[in-house]
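Student: For reference, the file start-v6.cif (mmCIF, C-alpha atoms and all ligand atoms) is included below:
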```cif
data_data
#
loop_
_atom_site.label_atom_id
_atom_site.label_comp_id
_atom_site.auth_asym_id
_atom_site.auth_seq_id
_atom_site.Cartn_x
_atom_site.Cartn_y
_atom_site.Cartn_z
CA MET E 264 21.52 -6.04 3.10
CA ALA E 265 23.09 -3.71 0.54
CA GLU E 266 26.62 -4.75 1.38
CA GLU E 267 26.21 -8.43 0.57
CA ALA E 268 28.25 -10.01 -2.18
CA ALA E 269 26.78 -9.58 -5.68
CA PRO E 270 24.77 -10.88 -7.39
CA ARG E 271 22.09 -10.43 -4.81
CA LYS E 272 18.35 -10.58 -5.16
CA LYS E 273 16.80 -7.12 -5.37
CA ILE E 274 15.03 -5.85 -2.27
CA ILE E 275 11.33 -5.00 -2.24
CA LEU E 276 9.61 -3.10 0.54
CA SER E 277 6.09 -1.83 1.04
CA GLY E 278 3.61 -0.97 3.75
CA ILE E 279 -0.10 -0.55 4.31
CA GLN E 280 -2.01 1.29 7.02
CA PRO E 281 -4.30 -0.64 9.38
CA THR E 282 -7.10 1.87 8.84
CA GLY E 283 -9.84 -0.60 7.88
CA VAL E 284 -10.46 -3.67 5.79
CA PHE E 285 -8.35 -3.53 2.64
CA THR E 286 -10.14 -2.53 -0.54
CA LEU E 287 -10.02 -3.99 -3.99
CA GLY E 288 -7.93 -0.89 -4.83
CA ASN E 289 -5.31 -1.83 -2.24
CA TYR E 290 -5.33 -5.39 -3.53
CA ILE E 291 -5.05 -4.63 -7.24
CA GLY E 292 -2.86 -1.55 -6.83
CA ALA E 293 -0.42 -2.96 -4.32
CA ILE E 294 -0.82 -6.23 -2.39
CA GLN E 295 -1.27 -8.44 -5.43
CA ASN E 296 2.14 -7.36 -6.62
CA TRP E 297 3.60 -7.92 -3.18
CA GLU E 298 2.47 -11.51 -3.35
CA ARG E 299 3.87 -12.11 -6.83
CA MET E 300 7.22 -10.56 -6.00
CA GLN E 301 7.95 -12.97 -3.17
CA ARG E 302 9.29 -15.52 -5.62
CA ASP E 303 12.02 -13.43 -7.22
CA TYR E 304 12.94 -10.84 -4.64
CA ARG E 305 13.81 -10.41 -0.99
CA CYS E 306 10.67 -8.80 0.33
CA ALA E 307 9.82 -6.80 3.44
CA TYR E 308 6.19 -5.91 4.11
CA PHE E 309 4.78 -4.15 7.12
CA ILE E 310 1.70 -2.66 8.70
CA ALA E 311 2.11 1.11 8.95
CA ASP E 312 0.46 1.69 12.31
CA LEU E 313 2.57 4.78 13.05
CA HIS E 314 1.36 6.34 9.82
CA ALA E 315 -2.22 5.55 10.79
CA LEU E 316 -1.80 7.81 13.87
CA THR E 317 -1.62 10.88 11.63
CA VAL E 318 -5.41 10.66 11.63
CA ARG E 319 -7.24 10.29 14.96
CA GLN E 320 -7.79 6.57 15.76
CA GLU E 321 -9.72 4.76 18.45
CA ALA E 322 -7.12 2.77 20.43
CA GLY E 323 -9.06 -0.49 20.61
CA LYS E 324 -9.97 -0.37 16.95
CA LEU E 325 -6.40 0.35 15.89
CA ARG E 326 -5.11 -2.58 17.95
CA ALA E 327 -7.68 -5.00 16.54
CA GLY E 328 -7.22 -3.51 13.06
CA THR E 329 -3.48 -4.16 13.18
CA LEU E 330 -3.94 -7.84 13.94
CA SER E 331 -6.67 -8.03 11.31
CA ALA E 332 -4.38 -6.35 8.76
CA LEU E 333 -1.75 -9.00 9.46
CA ALA E 334 -4.29 -11.77 8.89
CA GLN E 335 -5.51 -10.04 5.72
CA LEU E 336 -1.99 -9.81 4.32
CA MET E 337 -1.40 -13.48 5.04
CA ALA E 338 -4.75 -14.31 3.42
CA CYS E 339 -3.58 -12.38 0.35
CA GLY E 340 -0.61 -14.75 0.16
CA ILE E 341 2.08 -12.82 2.02
CA ASP E 342 4.03 -15.63 3.60
CA PRO E 343 6.12 -14.88 6.71
CA LYS E 344 8.41 -17.77 5.78
CA LYS E 345 9.29 -16.09 2.49
CA SER E 346 9.14 -12.40 3.43
CA LEU E 347 9.92 -10.15 6.35
CA LEU E 348 6.46 -9.37 7.73
CA PHE E 349 6.14 -7.02 10.68
CA VAL E 350 4.35 -4.17 12.43
CA GLN E 351 6.04 -0.78 11.98
CA SER E 352 5.83 0.30 15.65
CA HIS E 353 7.50 -2.95 16.74
CA VAL E 354 10.70 -1.79 15.04
CA PRO E 355 11.72 1.44 16.83
CA GLU E 356 14.42 2.17 14.24
CA HIS E 357 11.69 3.53 11.93
CA ALA E 358 10.73 6.40 14.23
CA GLU E 359 14.35 7.13 15.04
CA MET E 360 15.45 7.22 11.41
CA SER E 361 12.46 9.38 10.60
CA TRP E 362 13.85 12.17 12.80
CA LEU E 363 17.24 12.03 11.11
CA LEU E 364 15.58 12.26 7.70
CA SER E 365 13.21 15.08 8.73
CA CYS E 366 16.26 17.18 9.46
CA HIS E 367 17.19 16.73 5.79
CA THR E 368 13.73 17.41 4.37
CA GLN E 369 12.56 20.89 3.48
CA PHE E 370 9.34 22.54 4.59
CA GLY E 371 8.67 23.50 0.97
CA GLU E 372 9.01 19.89 -0.20
CA LEU E 373 6.53 18.62 2.38
CA SER E 374 4.11 21.45 1.59
CA ARG E 375 3.84 20.26 -2.00
CA MET E 376 2.61 16.76 -1.15
CA THR E 377 -0.89 16.28 -2.55
CA GLN E 378 -1.77 13.68 0.09
CA PHE E 379 -1.02 16.26 2.79
CA LYS E 380 -3.25 18.77 1.06
CA ASP E 381 -6.06 16.21 0.62
CA LYS E 382 -5.85 14.90 4.17
CA SER E 383 -5.64 18.38 5.71
CA ALA E 384 -8.80 19.29 3.84
CA ALA E 385 -10.51 16.08 5.00
CA HIS E 386 -9.41 16.51 8.65
CA ALA E 387 -9.36 20.29 9.00
CA ASP E 388 -9.69 20.00 12.80
CA ASN E 389 -6.51 17.96 13.16
CA ILE E 390 -3.75 19.10 10.82
CA ASN E 391 -0.97 17.76 13.03
CA ALA E 392 2.79 17.79 12.52
CA GLY E 393 2.79 14.03 11.88
CA LEU E 394 0.47 14.48 8.91
CA PHE E 395 2.96 16.99 7.55
CA THR E 396 6.12 14.93 8.15
CA TYR E 397 4.43 11.66 7.09
CA PRO E 398 6.72 11.36 4.01
CA ALA E 399 9.87 11.49 6.17
CA LEU E 400 8.63 8.45 8.13
CA MET E 401 7.80 6.73 4.86
CA ALA E 402 11.30 7.52 3.56
CA ALA E 403 12.72 6.00 6.76
CA ASP E 404 10.68 2.82 6.19
CA ILE E 405 12.12 2.47 2.73
CA LEU E 406 15.72 3.60 3.19
CA LEU E 407 16.35 1.55 6.36
CA TYR E 408 16.02 -1.64 4.31
CA GLN E 409 17.97 -0.34 1.28
CA ALA E 410 14.97 -1.18 -0.91
CA ASP E 411 15.42 -1.31 -4.69
CA TYR E 412 11.72 -1.31 -5.58
CA VAL E 413 8.60 -0.15 -3.77
CA PRO E 414 5.33 -1.59 -5.10
CA VAL E 415 2.62 1.01 -4.50
CA GLY E 416 -0.43 2.51 -6.14
CA ASP E 417 -0.24 5.76 -8.04
CA ASP E 418 -1.20 7.89 -5.00
CA GLN E 419 2.16 7.14 -3.34
CA ARG E 420 4.34 8.03 -6.31
CA GLN E 421 5.00 11.56 -5.05
CA HIS E 422 6.14 10.27 -1.64
CA LEU E 423 8.55 7.97 -3.37
CA GLU E 424 10.00 10.78 -5.46
CA LEU E 425 10.61 12.70 -2.25
CA THR E 426 12.27 9.64 -0.69
CA ARG E 427 14.66 9.55 -3.62
CA ASP E 428 15.40 13.26 -3.28
CA ILE E 429 16.21 12.82 0.40
CA ALA E 430 18.43 9.82 -0.36
CA VAL E 431 20.31 11.64 -3.12
CA ARG E 432 20.80 14.66 -0.85
CA MET E 433 22.15 12.61 2.05
CA ASN E 434 24.31 10.41 -0.16
CA GLY E 435 25.80 13.63 -1.54
CA LEU E 436 26.45 15.06 1.91
CA TYR E 437 27.70 11.99 3.73
CA GLY E 438 28.81 9.41 1.16
CA ASN E 439 26.87 6.39 0.03
CA LEU E 440 24.30 5.72 2.70
CA PHE E 441 21.24 4.61 0.79
CA THR E 442 20.14 2.59 -2.22
CA LEU E 443 17.92 4.73 -4.48
CA PRO E 444 14.47 3.13 -4.50
CA GLU E 445 12.21 3.00 -7.54
CA ALA E 446 8.42 2.94 -7.60
CA TYR E 447 6.95 -0.27 -8.92
CA LEU E 448 3.51 0.56 -10.26
CA PRO E 449 1.16 -2.04 -11.73
CA LYS E 450 0.57 -1.78 -15.50
CA GLN E 451 -3.16 -1.97 -14.97
CA GLY E 452 -5.06 -0.81 -11.90
CA ALA E 453 -2.60 1.58 -10.27
CA ARG E 454 -5.55 3.78 -9.35
CA ILE E 455 -8.91 2.16 -8.72
CA ARG E 456 -11.63 4.74 -8.18
CA SER E 457 -14.56 4.95 -5.81
CA LEU E 458 -17.68 3.24 -7.16
CA ALA E 459 -19.82 6.02 -5.70
CA ASP E 460 -17.67 8.91 -6.93
CA PRO E 461 -15.27 7.89 -9.71
CA THR E 462 -13.43 11.20 -9.51
CA LYS E 463 -11.98 10.02 -6.16
CA LYS E 464 -9.72 7.05 -5.46
CA MET E 465 -11.22 4.00 -3.76
CA SER E 466 -10.08 4.33 -0.15
CA LYS E 467 -10.50 2.03 2.83
CA SER E 468 -11.25 4.89 5.18
CA ASP E 469 -13.95 6.38 2.95
CA PRO E 470 -17.02 6.95 5.15
CA ASN E 471 -19.32 5.93 2.26
CA PRO E 472 -19.30 2.10 2.34
CA ASN E 473 -20.75 1.89 -1.19
CA GLY E 474 -17.68 3.51 -2.71
CA ALA E 475 -15.32 0.67 -1.90
CA ILE E 476 -15.32 -3.08 -2.39
CA TYR E 477 -13.60 -4.62 0.63
CA ILE E 478 -11.59 -7.78 0.16
CA LEU E 479 -13.69 -9.53 2.82
CA ASP E 480 -17.08 -8.51 1.39
CA PRO E 481 -19.34 -11.52 0.71
CA PRO E 482 -20.31 -12.11 -2.96
CA GLU E 483 -23.83 -10.71 -2.63
CA VAL E 484 -22.50 -7.45 -1.17
CA ILE E 485 -19.95 -7.14 -3.96
CA LEU E 486 -22.63 -7.69 -6.58
CA LYS E 487 -24.89 -5.11 -4.97
CA LYS E 488 -22.15 -2.48 -4.80
CA VAL E 489 -21.11 -3.00 -8.42
CA LYS E 490 -24.73 -2.79 -9.58
CA ARG E 491 -25.07 0.54 -7.81
CA ALA E 492 -21.81 1.91 -9.21
CA VAL E 493 -22.03 5.29 -10.90
CA THR E 494 -21.75 5.06 -14.71
CA ASP E 495 -23.18 7.36 -17.41
CA SER E 496 -26.21 7.56 -19.68
CA GLU E 497 -24.45 6.30 -22.79
CA ALA E 498 -25.05 2.58 -22.18
CA ARG E 499 -21.89 1.64 -24.09
CA VAL E 500 -19.06 -0.39 -22.60
CA ALA E 501 -16.09 1.51 -23.97
CA TYR E 502 -13.03 3.16 -22.46
CA GLY E 503 -12.97 6.88 -23.08
CA GLU E 504 -13.05 10.45 -21.89
CA GLY E 505 -15.90 11.54 -19.64
CA LYS E 506 -16.66 7.91 -18.77
CA ASP E 507 -14.86 7.70 -15.40
CA GLY E 508 -17.34 5.24 -13.90
CA VAL E 509 -17.26 2.82 -16.84
CA ASN E 510 -13.49 3.21 -17.22
CA ASN E 511 -13.12 2.26 -13.58
CA LEU E 512 -15.29 -0.86 -13.88
CA MET E 513 -13.39 -1.84 -17.01
CA THR E 514 -10.08 -1.37 -15.18
CA ILE E 515 -11.32 -3.58 -12.37
CA TYR E 516 -12.60 -6.23 -14.78
CA ALA E 517 -9.31 -6.15 -16.69
CA ALA E 518 -7.31 -6.57 -13.49
CA VAL E 519 -9.30 -9.53 -12.20
CA THR E 520 -9.72 -11.39 -15.52
CA GLY E 521 -6.42 -10.49 -17.20
CA ARG E 522 -8.31 -9.28 -20.31
CA SER E 523 -7.36 -6.18 -22.27
CA MET E 524 -9.64 -3.17 -22.73
CA ASN E 525 -10.19 -4.13 -26.40
CA GLU E 526 -11.22 -7.63 -25.43
CA ILE E 527 -13.65 -6.25 -22.87
CA GLU E 528 -15.20 -3.84 -25.36
CA ALA E 529 -15.66 -6.73 -27.79
CA GLU E 530 -17.12 -8.97 -25.09
CA PHE E 531 -19.86 -6.45 -24.23
CA ALA E 532 -20.53 -4.97 -27.66
CA GLY E 533 -24.29 -4.59 -27.98
CA HIS E 534 -24.88 -5.21 -24.24
CA GLY E 535 -26.09 -2.64 -21.73
CA TYR E 536 -24.51 -1.83 -18.37
CA GLY E 537 -26.72 -4.38 -16.58
CA ASP E 538 -24.96 -7.37 -18.17
CA PHE E 539 -21.58 -5.73 -17.81
CA LYS E 540 -22.05 -5.00 -14.11
CA GLN E 541 -23.28 -8.53 -13.47
CA ALA E 542 -20.10 -9.91 -15.09
CA VAL E 543 -17.83 -7.51 -13.19
CA GLY E 544 -19.51 -8.30 -9.84
CA GLU E 545 -19.28 -12.05 -10.37
CA ALA E 546 -15.67 -11.91 -11.52
CA VAL E 547 -14.61 -9.82 -8.51
CA ALA E 548 -16.48 -12.04 -6.04
CA GLU E 549 -14.82 -15.13 -7.46
CA TYR E 550 -11.43 -13.47 -7.51
CA LEU E 551 -11.63 -12.61 -3.82
CA ARG E 552 -13.03 -15.96 -2.70
CA PRO E 553 -9.71 -17.53 -1.61
CA VAL E 554 -8.80 -14.41 0.37
CA ARG E 555 -12.10 -14.48 2.27
CA GLU E 556 -11.73 -18.13 3.09
CA LYS E 557 -8.14 -17.95 4.31
CA TYR E 558 -8.70 -14.79 6.37
CA ALA E 559 -11.11 -16.45 8.76
CA ALA E 560 -8.65 -19.25 9.50
CA TYR E 561 -5.72 -16.88 10.18
CA LEU E 562 -7.70 -14.54 12.39
CA ASN E 563 -8.79 -17.41 14.59
CA ASP E 564 -5.22 -18.43 15.32
CA ARG E 565 -4.15 -15.52 17.48
CA ALA E 566 -1.14 -17.29 18.97
CA TYR E 567 0.28 -17.82 15.49
CA LEU E 568 -0.33 -14.18 14.52
CA GLU E 569 1.48 -13.01 17.64
CA GLU E 570 4.39 -15.30 16.90
CA VAL E 571 4.61 -13.92 13.35
CA CYS E 572 4.70 -10.38 14.78
CA LYS E 573 7.42 -11.22 17.24
CA GLU E 574 9.68 -13.02 14.82
CA GLY E 575 9.09 -10.43 12.11
CA ALA E 576 10.02 -7.57 14.43
CA ALA E 577 13.26 -9.21 15.55
CA ALA E 578 14.35 -10.00 11.99
CA ALA E 579 13.40 -6.54 10.66
CA SER E 580 15.12 -4.79 13.53
CA ALA E 581 18.36 -6.63 12.83
CA VAL E 582 18.38 -5.26 9.27
CA ALA E 583 17.18 -1.76 10.18
CA ARG E 584 19.75 -1.38 12.95
CA ARG E 585 22.64 -1.70 10.53
CA THR E 586 21.52 1.17 8.33
CA LEU E 587 20.56 3.29 11.32
CA SER E 588 23.98 3.01 12.99
CA LYS E 589 25.73 3.76 9.74
CA VAL E 590 23.66 6.94 9.36
CA LYS E 591 24.09 8.03 12.98
CA LYS E 592 27.85 7.67 12.71
CA LYS E 593 28.06 9.67 9.48
CA LEU E 594 25.90 12.42 10.93
CA GLY E 595 28.28 12.84 13.84
CA LEU E 596 26.19 11.43 16.66
CA LEU E 597 28.42 10.11 19.45
CA MET E 598 28.15 6.32 19.43
CA LYS E 599 27.61 4.45 22.72
P1 LIG U 601 -6.60 5.32 3.75
O1 LIG U 601 -7.99 5.46 3.23
O2 LIG U 601 -6.53 4.95 5.20
O3 LIG U 601 -5.67 6.43 3.39
P2 LIG U 601 -5.87 3.69 1.53
O4 LIG U 601 -6.99 2.84 1.07
O5 LIG U 601 -5.53 4.89 0.75
O6 LIG U 601 -6.05 4.04 3.05
P3 LIG U 601 -3.14 2.87 2.10
O7 LIG U 601 -2.88 2.09 3.32
O8 LIG U 601 -2.84 4.33 2.13
O9 LIG U 601 -4.64 2.70 1.62
O10 LIG U 601 -2.39 2.24 0.88
C1 LIG U 601 -1.95 0.90 0.75
C2 LIG U 601 -1.49 0.64 -0.65
O11 LIG U 601 -2.61 0.59 -1.53
C3 LIG U 601 -0.59 1.74 -1.21
O12 LIG U 601 0.44 1.12 -1.96
C4 LIG U 601 -1.47 2.53 -2.12
O13 LIG U 601 -0.76 3.13 -3.17
C5 LIG U 601 -2.42 1.47 -2.64
N1 LIG U 601 -3.72 2.03 -2.98
C6 LIG U 601 -4.54 2.71 -2.14
N2 LIG U 601 -5.67 3.06 -2.75
C7 LIG U 601 -5.58 2.60 -4.02
C8 LIG U 601 -6.43 2.67 -5.16
N3 LIG U 601 -7.61 3.25 -5.11
N4 LIG U 601 -6.02 2.10 -6.32
C9 LIG U 601 -4.81 1.50 -6.39
N5 LIG U 601 -3.95 1.40 -5.35
C10 LIG U 601 -4.31 1.94 -4.18
N1 LIG U 602 2.12 5.75 2.88
C1 LIG U 602 1.70 4.46 2.41
C2 LIG U 602 1.94 3.35 3.38
C3 LIG U 602 3.39 3.26 3.61
C4 LIG U 602 4.37 2.79 2.70
C5 LIG U 602 5.60 2.91 3.36
C6 LIG U 602 4.32 2.28 1.41
C7 LIG U 602 4.04 3.66 4.73
N2 LIG U 602 5.37 3.44 4.59
C8 LIG U 602 6.79 2.55 2.74
C9 LIG U 602 5.53 1.92 0.80
C10 LIG U 602 6.73 2.06 1.46
C11 LIG U 602 0.22 4.54 2.12
O1 LIG U 602 -0.48 5.22 2.78
N3 LIG U 602 -0.19 3.87 1.15
#
```
Mind converting the file's structure to structure tokens?
Tutor:
Amino acid sequence: MAEEAAPRKKIILSGIQPTGVFTLGNYIGAIQNWERMQRDYRCAYFIADLHALTVRQEAGKLRAGTLSALAQLMACGIDPKKSLLFVQSHVPEHAEMSWLLSCHTQFGELSRMTQFKDKSAAHADNINAGLFTYPALMAADILLYQADYVPVGDDQRQHLELTRDIAVRMNGLYGNLFTLPEAYLPKQGARIRSLADPTKKMSKSDPNPNGAIYILDPPEVILKKVKRAVTDSEARVAYGEGKDGVNNLMTIYAAVTGRSMNEIEAEFAGHGYGDFKQAVGEAVAEYLRPVREKYAAYLNDRAYLEEVCKEGAAAASAVARRTLSKVKKKLGLLMK
């Protein structure tokens, strides 16, 4: 991809784990940008099932979750005719490249990753090597496709910095192997917080179902969750310090209506949180309506989903293979 004659369209790549129904945080922080970028870029999007294995999964659930994730992405507007869309484990080059990159990644670098620290604390009984080397697999995902931009939420920024460090290091050692990828963070909504505990990020694998709005939640569930969201005792819709809960709802409202924080403050001046929450709940439910409707149709067409997987894997593999052989050669592996 990188060697094609200029000017070429920039390359976008991103992934999401099939660890549950996607949340509003995933949608606003990442997938919404994926959808928009399909027009102007060459995009590759995938379901990170290998990454999901860093936390213990139930086999049947993971399998069903992967197909569901594919249908969810398509319902969010990711179009396999416009973008490369595939399942990570269907493209063996990812795991292979990951090994080559791990041998160029330092223990100290991996130890500093905040996601590793958070996840080791959350799963203290299973701090496996994959959880530790997770960023090397993520770097492989990105570097194999010579991505220019990686649209992610704020929580993945550190992994992307590490990817760049690995790329710079290997380019220095072996000549130009990789394009240096840049994070592409949304202006608004890069970190949506849990409704139940606004000091934490909204996460699809959060065991508390009231913390997250899922993109497939029906309107009445969304409304109920927003009404229960933690706020404060000030009863003033304003963005500010010590108001994590209200800030979060304002961020969500801004992202789904396109309004600025000032406009939102003006809209709810003199109103209590009841009116504000009602408006946020309704706006989110309406915003997610098309996704809900399309999802059901995609999930019912299993043959089509399987065909998308198969074609996506073949096309992705063709791209990934080129970078992988280049790297293997430069590293001195004997070619077949
Ligand atoms: P898990 O709970 O299984 O770790 P997750 O909800 O954190 O899942 P990921 O699959 O890790 O989701 O992330 C998918 C994309 O969504 C990433 O680009 C990530 O940065 C983004 N993202 C995740 N959570 C949020 C959030 N709360 N706000 C904004 N973006 C988010
Ligand atoms: N680690 C990411 C998912 C992910 C990803 C990637 C994102 C795996 N590989 C490559 C961007 C590019 C996550 O948990 N959000």
Student: With a distance cut-off of 10 Å and only C-alpha atoms, select the neighbouring residues of Ala579 of chain E, excluding the residue or stretch itself and same-chain residues fewer than 6 positions from it, and output the selection as a list in words.
Tutor: Ala307, Tyr308, Phe309, Leu347, Leu348, Phe349, Val350, Gln351, His353, Val354, Glu356, Leu407 and Tyr408 of chain E
Student: Residues contacting ligand LIG 601 (chain U) - anything with an atom at most 10 Å away, using all atoms listed in the file - can you give me those as a short mmCIF file (atom, residue, chain, number, x, y, z; two decimals) with C-alpha atoms, keeping the file's coordinate frame?
Tutor:
```cif
data_model
loop_
_atom_site.label_atom_id
_atom_site.label_comp_id
_atom_site.auth_asym_id
_atom_site.auth_seq_id
_atom_site.Cartn_x
_atom_site.Cartn_y
_atom_site.Cartn_z
CA SER E 277 6.09 -1.83 1.04
CA GLY E 278 3.61 -0.97 3.75
CA ILE E 279 -0.10 -0.55 4.31
CA GLN E 280 -2.01 1.29 7.02
CA PRO E 281 -4.30 -0.64 9.38
CA THR E 282 -7.10 1.87 8.84
CA GLY E 283 -9.84 -0.60 7.88
CA VAL E 284 -10.46 -3.67 5.79
CA PHE E 285 -8.35 -3.53 2.64
CA THR E 286 -10.14 -2.53 -0.54
CA LEU E 287 -10.02 -3.99 -3.99
CA GLY E 288 -7.93 -0.89 -4.83
CA ASN E 289 -5.31 -1.83 -2.24
CA TYR E 290 -5.33 -5.39 -3.53
CA ILE E 291 -5.05 -4.63 -7.24
CA GLY E 292 -2.86 -1.55 -6.83
CA ALA E 293 -0.42 -2.96 -4.32
CA ILE E 294 -0.82 -6.23 -2.39
CA GLN E 295 -1.27 -8.44 -5.43
CA ASN E 296 2.14 -7.36 -6.62
CA TRP E 297 3.60 -7.92 -3.18
CA ILE E 310 1.70 -2.66 8.70
CA ALA E 311 2.11 1.11 8.95
CA ASP E 312 0.46 1.69 12.31
CA HIS E 314 1.36 6.34 9.82
CA ALA E 315 -2.22 5.55 10.79
CA VAL E 318 -5.41 10.66 11.63
CA GLN E 378 -1.77 13.68 0.09
CA LYS E 382 -5.85 14.90 4.17
CA VAL E 413 8.60 -0.15 -3.77
CA PRO E 414 5.33 -1.59 -5.10
CA VAL E 415 2.62 1.01 -4.50
CA GLY E 416 -0.43 2.51 -6.14
CA ASP E 417 -0.24 5.76 -8.04
CA ASP E 418 -1.20 7.89 -5.00
CA GLN E 419 2.16 7.14 -3.34
CA ARG E 420 4.34 8.03 -6.31
CA ALA E 446 8.42 2.94 -7.60
CA TYR E 447 6.95 -0.27 -8.92
CA LEU E 448 3.51 0.56 -10.26
CA PRO E 449 1.16 -2.04 -11.73
CA GLN E 451 -3.16 -1.97 -14.97
CA GLY E 452 -5.06 -0.81 -11.90
CA ALA E 453 -2.60 1.58 -10.27
CA ARG E 454 -5.55 3.78 -9.35
CA ILE E 455 -8.91 2.16 -8.72
CA ARG E 456 -11.63 4.74 -8.18
CA SER E 457 -14.56 4.95 -5.81
CA LYS E 463 -11.98 10.02 -6.16
CA LYS E 464 -9.72 7.05 -5.46
CA MET E 465 -11.22 4.00 -3.76
CA SER E 466 -10.08 4.33 -0.15
CA LYS E 467 -10.50 2.03 2.83
CA SER E 468 -11.25 4.89 5.18
CA ASP E 469 -13.95 6.38 2.95
CA PRO E 470 -17.02 6.95 5.15
CA ALA E 475 -15.32 0.67 -1.90
CA TYR E 477 -13.60 -4.62 0.63
CA ILE E 515 -11.32 -3.58 -12.37
#
```
Student: Taking all listed atoms of segment 485-504 of chain E, build the axis-aligned box, pad each of the six sides by 3 Å, then write its centre and edge lengths in Å to one decimal as JSON.
Tutor:
```
{"center_x": -19.6, "center_y": 1.4, "center_z": -14.0, "size_x": 19.2, "size_y": 24.1, "size_z": 26.1}
```
Student: Atom CA of Pro355 of chain E and atom CA of Ala576 of chain E, how far apart in Å?
Tutor: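 According to the coordinates, atom CA of Ala576 of chain E and atom CA of Pro355 of chain E are separated by 9.5 Å.
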Student: Using Å and a single decimal, report how far atom CA of Gly393 of chain E sits from atom CA of His357 of chain E.
Tutor: 13.8 Å
Student: Any idea what the distance is between atom C3 of ligand LIG 602 (chain U) and atom CA of Glu445 of chain E?
Tutor: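 Those two atoms sit 14.2 Å apart.
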Student: So that I can check the surroundings of Thr396 of chain E, please list as a count of residues only every protein, DNA and RNA residue that reaches within 10 Å of it, counting all atoms listed in the file and ignoring chain neighbours fewer than 5 positions away.
Tutor: 14
Student: Would you mind telling me which residue in E:Asn389, E:Thr426, E:Gln335, E:Gln320 lies nearest to ligand LIG 602 (chain U) when using all atoms listed in the file?
Tutor: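 Comparing E:Asn389, E:Thr426, E:Gln335, E:Gln320 against ligand LIG 602 (chain U), the winner is E:Thr426.
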Student: Out of E:Met300, E:Ala399, E:Ala501, E:Met337, which residue has the shortest atom-to-atom distance to ligand LIG 602 (chain U) when counting all atoms listed in the file?
Tutor: E:Ala399
Student: Arg555 of chain E: which residues within 8 Å, counting all atoms listed in the file, same-chain residues fewer than 2 positions away excluded, as a short mmCIF file (atom, residue, chain, number, x, y, z; two decimals) with C-alpha atoms, in the frame of the given file?
Tutor:
```
data_model
loop_
_atom_site.label_atom_id
_atom_site.label_comp_id
_atom_site.auth_asym_id
_atom_site.auth_seq_id
_atom_site.Cartn_x
_atom_site.Cartn_y
_atom_site.Cartn_z
CA ALA E 338 -4.75 -14.31 3.42
CA ILE E 478 -11.59 -7.78 0.16
CA LEU E 479 -13.69 -9.53 2.82
CA ASP E 480 -17.08 -8.51 1.39
CA PRO E 481 -19.34 -11.52 0.71
CA LEU E 551 -11.63 -12.61 -3.82
CA ARG E 552 -13.03 -15.96 -2.70
CA PRO E 553 -9.71 -17.53 -1.61
CA LYS E 557 -8.14 -17.95 4.31
CA TYR E 558 -8.70 -14.79 6.37
CA ALA E 559 -11.11 -16.45 8.76
#
```
Student: Which residue is closest to ligand LIG 602 (chain U)? Choose from E:Glu504, E:Asp411, E:Asp428, E:Asp538 and count only C-alpha atoms and all ligand atoms.
Tutor: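 So, comparing all the options, the nearest one is E:Asp411.
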Student: Return the single residue from E:Gly340, E:Lys488, E:Tyr536, E:Phe531 that is closest to Val509 of chain E, with distances computed using only C-alpha atoms.
Tutor: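 Among the listed residues, E:Tyr536 lies closest to Val509 of chain E.
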Student: Every residue with an atom at most 9 Å from (-17.3, -6.4, -15.2) (file coordinates; all atoms listed in the file) is what I'm after, so could you write them as a compact mmCIF listing (two decimals) with C-alpha atoms, in the coordinates of the input?
Tutor:
```txt
# COMPACT_ATOMS: atom_id res chain seq x y z
CA VAL E 489 -21.11 -3.00 -8.42
CA LEU E 512 -15.29 -0.86 -13.88
CA MET E 513 -13.39 -1.84 -17.01
CA THR E 514 -10.08 -1.37 -15.18
CA ILE E 515 -11.32 -3.58 -12.37
CA TYR E 516 -12.60 -6.23 -14.78
CA ALA E 517 -9.31 -6.15 -16.69
CA ILE E 527 -13.65 -6.25 -22.87
CA ASP E 538 -24.96 -7.37 -18.17
CA PHE E 539 -21.58 -5.73 -17.81
CA LYS E 540 -22.05 -5.00 -14.11
CA GLN E 541 -23.28 -8.53 -13.47
CA ALA E 542 -20.10 -9.91 -15.09
CA VAL E 543 -17.83 -7.51 -13.19
CA GLY E 544 -19.51 -8.30 -9.84
CA GLU E 545 -19.28 -12.05 -10.37
CA ALA E 546 -15.67 -11.91 -11.52
CA VAL E 547 -14.61 -9.82 -8.51
```
Student: Which one is closest to Val582 of chain E: E:Asn510, E:Ser523, E:Gln409, E:Thr494? Count only C-alpha atoms.
Tutor: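 Answer, going by the shortest atom-to-atom distance: E:Gln409.
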Student: Kindly indicate which residue among E:Ala430, E:Leu330, E:Cys306, E:Ala387 lies nearest to Glu569 of chain E, using only C-alpha atoms for the distances.
Tutor: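 Among the listed residues, the smallest separation from Glu569 of chain E belongs to E:Leu330.
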Student: List as a list in words the protein and nucleic acid residues near Val493 of chain E, meaning an atom at most 7 Å away when only C-alpha atoms are counted, but skip any in the same chain fewer than 5 places from it.
Tutor: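 Neighbouring residues, sequence-local ones excluded: Leu458, Ala459, Asp460 and Gly508 of chain E.
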